[in-house]
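Engineer: Please read through the structure below; I'll follow up with questions.
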Amino acid sequence: MDPDPRFDFGDREGAAAYRWHMLSWRDRSRSPIHQLTDKSTFAISLQAPTLPFCANSSTRPLPALPFGITAHYALVKPLQTGVQYSSEVWLAVPSELQDSHFNSPAAAVVFKFIVPSIRGDIPTSDLDDEGFIDGRKFVFPFDAVKGEAACYESLADFQGSTVPYFYGIHRVLMPSGEPAWILALEWIPGSPGSLYVLNKELRQGGDTKYSNYGPFMRLFHSALSTLQSAHARNVNHADVRAANILIDAVHNQAVLIDWTSDQSFSPNTRSALPVIDLRKLHYAFVAAWIEPQSSEIRRICRALDPKYTSDDS
């Protein structure tokens, strides 16, 4: 079974056959008997990340996972599921550790499932002979997978600090029988979890160290400097929002997850993504509604983007 089916742009029959297969897989995958559950297991060999020559004080220890050895991993907790999402995300542990080490960060890993019939573009009559649909480039699923992986690989020196460790791409079969891919990533436990959760706590007057100016601004600056470094390498996040900014409370730093391939964007949109990333970062951090942090973040962002005069609504 071809894990990376394709058709030639301009081949109407090929596009129609591809569409039929994807929609058939989609219907099958949504059947209750073909859903991922906490009884699902997968045999994969995690790829050890390429570590920087010298780790700094903000680098998390590399988790004690069986790198380079094929092991069975059991799904233990859904982190993102539902038809509204283009991917499913689960927490997994080696099967032999499922019961006794569930709470051990050293044993856990995040599996992001990229399923072609769910994640991929579906061709319609609007697809032109140049491969554009509704003004954007049609992207085959595996190209999107490779694009996302390339983001993490381009930011290898940030892995373990403001970017999660990346453990490679892995081909698997879903319960429906459809070939798919797993992006394996570091699990970052702890409270508050994400900036989205932290913002809610702060708006409700929660008692947290991030109510204080210094710790909160360190989170912001860690995210800002990571985005700026990524942009200097022609890497865009393309989905900056509070839910995609985790909090490494031990090191007082933000961790940007869910880096998204920008291949589907038009050239004009792609060239604007660095500015869009920064504007969305601004929105994500001022949503806490705390002062003087919000005013300082506005000042910094508007100095970087003088044309930006929008309100924070």
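Numbering starts fresh at 1 for the residues of each chain in the structure tokens, the chains themselves are lettered A, B, ... in the order given, and ligands are numbered from 1 as they appear.
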Within 12 Å of segment 16-40 of chain A, which residues of segment 47-116 of chain A show up? Give each one with its shortest atom-to-atom distance in Å (one decimal) and the two atoms involved, counting only C-alpha atoms, rows by chain then rising residue number, as CSV.

Structural biologist:
```
residue,atom,partner,partner_atom,distance
A:His72,CA,A:Ser40,CA,10.1
A:Tyr73,CA,A:Ser40,CA,8.4
A:Ala74,CA,A:Ser40,CA,6.0
A:Leu75,CA,A:Asp38,CA,4.9
A:Val76,CA,A:Asp38,CA,4.9
A:Lys77,CA,A:Asp38,CA,6.5
A:Pro78,CA,A:Asp38,CA,8.0
A:Leu79,CA,A:Asp38,CA,11.7
A:Gln80,CA,A:Leu36,CA,11.5
A:Thr81,CA,A:Leu36,CA,9.3
A:Gly82,CA,A:Arg30,CA,9.8
A:Val83,CA,A:Arg30,CA,8.4
A:Ser86,CA,A:Arg26,CA,11.7
A:Ser87,CA,A:Leu36,CA,11.8
A:Glu88,CA,A:Leu36,CA,8.8
A:Val89,CA,A:Leu36,CA,10.1
A:Trp90,CA,A:Asp38,CA,9.0
A:Leu91,CA,A:Asp38,CA,9.4
A:Ala92,CA,A:Asp38,CA,8.9
A:Val93,CA,A:Asp38,CA,10.8
A:Pro94,CA,A:Ser40,CA,11.9
A:Ser95,CA,A:Lys39,CA,10.2
A:Gln98,CA,A:Asp38,CA,10.4
A:Phe111,CA,A:Leu36,CA,11.6
A:Lys112,CA,A:Leu36,CA,11.9
A:Phe113,CA,A:Leu36,CA,9.9
A:Val115,CA,A:Arg26,CA,9.1
A:Pro116,CA,A:Met22,CA,7.3
```

Engineer: As a list of chain:residue names, please: the residues near segment 41-53 of chain A (cut-off 7 Å, only C-alpha atoms, same-chain neighbours under 6 positions excluded).

Structural biologist: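 Result of the neighbour search: A:Phe67, A:Gly68, A:Ile69, A:Thr70, A:Ala71, A:His72, A:Tyr73, A:Ala74, A:Leu75, A:Ala156, A:Asp157, A:Tyr165, A:Phe166, A:Tyr167, A:Gly168, A:His170.
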
Engineer: Determine, counting only C-alpha atoms, which protein, DNA and RNA residues have an atom within 7 Å of an atom of segment 252-255 of chain A; residues of the same chain fewer than 3 positions away are not included. Present the result as an MDAnalysis selection string.

Structural biologist: chainID A and resid 161:164 215 218:219 222:223 245:249

Engineer: Which parts of segment 111-156 of chain A does DSSP call strand (DSSP E or B) when run on the backbone here, written out as a PyMOL selection string?

Structural biologist: chain A and resi 111-114+132-133+136-137

Engineer: Among segment 53-297 of chain A, which ones does DSSP place in helix (DSSP H, G or I), written as a ChimeraX atom specification?

Structural biologist: /A:95-97,116-119,141-154,156-158,195-203,209-211,213-232,242-244,267-286,293-297

Engineer: Using only C-alpha atoms, can you tell me which of A:Ser194, A:Asp8, A:Leu273, A:Ser295 comes closest to Gly131 of chain A?

Structural biologist: A:Asp8

Engineer: Counting only C-alpha atoms, which residue out of A:Lys209, A:Lys200, A:Arg60, A:Arg279 sits closest to Leu227 of chain A?

Structural biologist: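 Residue with the minimum atom-to-atom distance to Leu227 of chain A: A:Arg279.
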
Engineer: List the spatial neighbours of Leu278 of chain A as a PyMOL selection string - criterion: any atom at most 8 Å away, only C-alpha atoms, same-chain residues fewer than 3 positions off excluded.

Structural biologist: chain A and resi 224+227+274-275+281-282+301

Engineer: Between atom CA of Trp289 of chain A and atom CA of Arg241 of chain A, what is the distance in Å, rounded to a tenth?

Structural biologist: 15.6 Å

Engineer: What is the atom CA of Asp2 of chain A to atom CA of Pro123 of chain A distance in Å?

Structural biologist: 18.2 Å

Engineer: May I have the residues within 9 Å of Phe265 of chain A as a CSV table (one decimal) with C-alpha atoms, in the first residue's frame, using only C-alpha atoms and disregarding those fewer than 4 positions away in the same chain?

Structural biologist:
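Listing of out.csv after writing:
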```csv
chain,number,residue,atom,x,y,z
A,135,GLY,CA,-5.4,30.7,-4.3
A,136,ARG,CA,-3.0,28.5,-2.4
A,137,LYS,CA,-0.7,25.6,-3.3
A,269,THR,CA,1.7,35.3,2.1
A,270,ARG,CA,4.9,33.3,2.8
```

Engineer: Go through A:Pro189, A:Pro3, A:Gly147, A:Gly177 and flag the residue nearest Ala107 of chain A, using only C-alpha atoms for the distances.

Structural biologist: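 Among the listed residues, the smallest separation from Ala107 of chain A belongs to A:Pro189.
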
Engineer: Need to verify the contact set: Leu198 of chain A, 12 Å, only C-alpha atoms, exclusion of same-chain residues closer than 5 positions in sequence. Can you return it as JSON, numbers by chain?

Structural biologist: {"A": [190, 191, 192, 193, 203, 204, 205, 206, 207, 208, 209, 210, 211, 216, 219, 242, 243, 245, 246, 247, 248, 249, 254, 284, 285, 286, 287, 288, 289, 290]}

Engineer: Could the residues in this selection be saved with N, CA and C atoms as a compact mmCIF listing (two decimals), in the first residue's frame?

Structural biologist:
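After the write, again09.txt holds the following:
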```
# COMPACT_ATOMS: atom_id res chain seq x y z
N GLY A 190 4.09 19.52 33.61
CA GLY A 190 4.13 20.59 34.60
C GLY A 190 3.03 21.60 34.43
N SER A 191 2.87 22.42 35.44
CA SER A 191 1.85 23.47 35.47
C SER A 191 2.53 24.82 35.21
N PRO A 192 1.87 25.74 34.50
CA PRO A 192 0.48 25.73 34.03
C PRO A 192 0.24 24.99 32.73
N GLY A 193 1.27 24.48 32.08
CA GLY A 193 1.08 23.75 30.84
C GLY A 193 1.32 24.62 29.63
N ARG A 203 -5.88 36.21 34.21
CA ARG A 203 -7.08 37.05 34.10
C ARG A 203 -8.02 36.87 35.29
N GLN A 204 -7.97 35.69 35.89
CA GLN A 204 -8.82 35.41 37.04
C GLN A 204 -8.14 35.74 38.37
N GLY A 205 -6.96 36.38 38.28
CA GLY A 205 -6.25 36.78 39.49
C GLY A 205 -5.53 35.66 40.19
N GLY A 206 -5.17 34.61 39.45
CA GLY A 206 -4.50 33.46 40.04
C GLY A 206 -3.16 33.82 40.65
N ASP A 207 -2.79 33.09 41.68
CA ASP A 207 -1.53 33.32 42.39
C ASP A 207 -0.43 32.48 41.72
N THR A 208 0.36 33.11 40.89
CA THR A 208 1.43 32.43 40.17
C THR A 208 2.62 33.36 40.07
N LYS A 209 3.81 32.77 39.95
CA LYS A 209 5.01 33.61 39.84
C LYS A 209 4.97 34.46 38.58
N TYR A 210 4.16 34.05 37.58
CA TYR A 210 4.11 34.80 36.33
C TYR A 210 3.22 36.03 36.43
N SER A 211 2.63 36.26 37.60
CA SER A 211 1.97 37.55 37.85
C SER A 211 3.01 38.65 37.96
N PHE A 216 7.26 36.79 33.77
CA PHE A 216 6.39 36.83 32.59
C PHE A 216 7.14 37.38 31.38
N LEU A 219 9.37 34.84 29.77
CA LEU A 219 8.64 33.96 28.85
C LEU A 219 8.50 34.62 27.48
N ALA A 242 -1.60 31.07 21.74
CA ALA A 242 -1.28 30.74 23.13
C ALA A 242 -1.26 29.24 23.39
N ALA A 243 -2.14 28.48 22.73
CA ALA A 243 -2.18 27.03 22.94
C ALA A 243 -0.94 26.33 22.40
N ILE A 245 2.10 27.57 22.73
CA ILE A 245 3.24 28.05 23.51
C ILE A 245 3.18 27.38 24.87
N LEU A 246 4.02 26.38 25.08
CA LEU A 246 4.06 25.69 26.36
C LEU A 246 4.96 26.46 27.32
N ILE A 247 4.80 26.17 28.61
CA ILE A 247 5.58 26.85 29.65
C ILE A 247 6.52 25.85 30.30
N ASP A 248 7.81 26.06 30.14
CA ASP A 248 8.82 25.31 30.89
C ASP A 248 9.09 26.10 32.16
N ALA A 249 8.32 25.79 33.20
CA ALA A 249 8.37 26.59 34.43
C ALA A 249 9.69 26.43 35.16
N ALA A 254 9.43 29.95 27.38
CA ALA A 254 8.37 29.44 26.52
C ALA A 254 8.93 28.36 25.61
N ALA A 284 -0.93 36.77 21.66
CA ALA A 284 -0.90 35.66 22.62
C ALA A 284 -0.49 36.11 24.01
N PHE A 285 0.46 37.04 24.08
CA PHE A 285 0.98 37.44 25.39
C PHE A 285 0.18 38.56 26.03
N VAL A 286 -0.39 39.47 25.27
CA VAL A 286 -1.16 40.54 25.91
C VAL A 286 -2.54 40.06 26.34
N ALA A 287 -2.92 38.84 25.94
CA ALA A 287 -4.22 38.28 26.34
C ALA A 287 -4.30 38.01 27.83
N ALA A 288 -3.16 38.08 28.53
CA ALA A 288 -3.18 37.91 29.99
C ALA A 288 -3.81 39.12 30.69
N TRP A 289 -3.80 40.28 30.02
CA TRP A 289 -4.41 41.51 30.54
C TRP A 289 -3.76 41.94 31.87
N ILE A 290 -2.45 41.85 31.95
CA ILE A 290 -1.77 42.29 33.17
C ILE A 290 -0.81 43.42 32.81
```

Engineer: From the set A:Tyr85, A:Leu195, A:Leu65, A:Phe158, which residue has the shortest atom-to-atom contact distance to Asn244 of chain A, counting only C-alpha atoms?

Structural biologist: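 The closest residue to Asn244 of chain A is A:Leu195.
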
Engineer: Could you state the separation of atom CA of Trp259 of chain A and atom CA of Ala150 of chain A in Å, given to one decimal place?

Structural biologist: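 The value is 9.4 Å.
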
Engineer: Which neighbours of Tyr308 of chain A fall inside 12 Å, counting only C-alpha atoms, when residues of the same chain fewer than 2 positions from it are skipped, and could you give them as an MDAnalysis selection string?

Structural biologist: chainID A and resid 275:276 278:280 282 298:306 310:312
